[in-house]
Amino acid sequence: MEDKKSNILPEDCISHILSFTSPRAVSISSLVSSIYQSASESDVIWEKFLPSDYQEILSRSVSPVPFSSKKELYFRLCDSILMDAGLKTFSLEKSTSKKCYILSARELSITWGNFPLYWTWKSLPQSRFAEVAELRTICWLEIHGKMNTRMLSPNTTYAAYLIVKFADRAYGLDSLPADISVEVRNYHSRGIAYLRRHNNQKILLEHHCFSNHSNVLNSRGIQGDRRVPSYRNDGWMEIELGEFFNYGGDDGDVKMSLREVKGSHLKGGLIIEGIEVRPKE
């Protein structure tokens with residue numbers, strides 16, 4: 001009777017094959033048998049899942065990232081690291097190994113952001129960054145962010161999200177919708193977003209008012225998705241600004257923005273942590 005072990009591929013061959021799959025597929029295959037479990041630990045596999053510039057990324061980390069294997073390094077990067085003097089975070093999407101970044105509020109261009117009359121910079125214990133920006137009072141709300149597309153994973157659809165909270169004193173943010181956009185070279189995604197807190201008894205009334213106002217905006221040629229803040233797993237909220245496809249060539253910068261400059265009314269209480277750029281689900 002033929003030895004069943006003779007039908008099993010060598011472990012290094014299994015590792016090589018698994019390196020052409022995905023982190024999720026490797027994790028599932030490790031449950032098949034002991035030899036697959038052993039093969040799934042190989043640096044050959046996890047080296048393929050790490051970004052080609054991972055050494056440069058590690059060199060920009062605020063703190064050293066200890067690891068004893070490429071698999072351990074991979075999962076450490078999935079938990080995100082603080083980098084560039086604490087102004088950004090980097091992480092890998094666990095199931096796909098795609099790159100994700102969060103630009104801190106200090107990395108953004110906030111109109112009048114350096115004027116204490118309009119904005120205040122403060123620390124919050126629930127923030128991953130040393131400072132967040134809180135809107136004190138202003139009528140011209142304008143936030144811009146940008147990053148080079150070469151920092152991102154190629155051949156991937158990304159979306160940009162403004163990460164926010166609302167102070168208890170928040171006011172004036174729901175009077176008019178804000179214009180949102182994402183731009184890469186000749187591609188320009190536009191839409192509108194409603195800056196309002198959840199669990200607000202005025203939401204139904206606001207929705208009716210916003211619907212009427214949206215009809216006026218659309219009659220002026222302003223179209224696109226209408227978005228509202230949604231809850232994140234980290235306790236913050238996010239507003240999707242738009243999406244884009246990253247081809248992986250030299251596409252220059254992706255530019256992201258939120259603007260509410262049509263109204264002359266005052267608004268305040270918006271807290272900005274940053275903008276996250278991550279693969280679109």
# chains A, B, ... in the order shown; residues from 1 in each chain; ligands from 1
>>> residues_around(residues="segment 80-95 of chain A", least_positions_apart="5", cutoff="6 Å", atoms="only C-alpha atoms", output="list in words")
Pro23, Arg24, Arg60, Ser61, Val62, Cys100, Tyr101, Ile102, Leu103 and Ser104 of chain A
>>> residues_around(residues="Ile271 of chain A", least_positions_apart="3", cutoff="8 Å", atoms="only C-alpha atoms", output="compact mmCIF listing (two decimals) with N, CA and C atoms, in the first residue's frame")
# COMPACT_ATOMS: atom_id res chain seq x y z
N VAL A 132 -5.89 67.24 18.67
CA VAL A 132 -7.01 67.30 17.74
C VAL A 132 -7.41 68.77 17.62
N ALA A 133 -8.18 69.08 16.59
CA ALA A 133 -8.63 70.46 16.39
C ALA A 133 -10.12 70.55 16.72
N GLU A 134 -10.49 71.51 17.57
CA GLU A 134 -11.90 71.73 17.89
C GLU A 134 -12.32 73.11 17.38
N LEU A 135 -13.38 73.11 16.62
CA LEU A 135 -13.92 74.36 16.09
C LEU A 135 -14.60 75.14 17.20
N VAL A 164 -14.25 62.39 13.06
CA VAL A 164 -14.76 63.52 13.84
C VAL A 164 -15.43 63.08 15.13
N LYS A 165 -15.63 64.04 16.00
CA LYS A 165 -16.53 63.95 17.14
C LYS A 165 -17.30 65.27 17.20
N PHE A 166 -18.35 65.30 18.01
CA PHE A 166 -19.12 66.52 18.21
C PHE A 166 -19.13 66.86 19.69
N ALA A 167 -18.69 68.05 20.01
CA ALA A 167 -18.72 68.51 21.40
C ALA A 167 -20.17 68.70 21.83
>>> residues_around(residues="segment 116-125 of chain A", least_positions_apart="2", cutoff="12 Å", atoms="only C-alpha atoms", output="count of residues only")
36
>>> residues_around(residues="segment 241-253 of chain A", least_positions_apart="5", cutoff="9 Å", atoms="only C-alpha atoms", output="number ranges by chain")
A: 146-150, 152-162, 179-185, 187-193, 225, 227, 258, 280
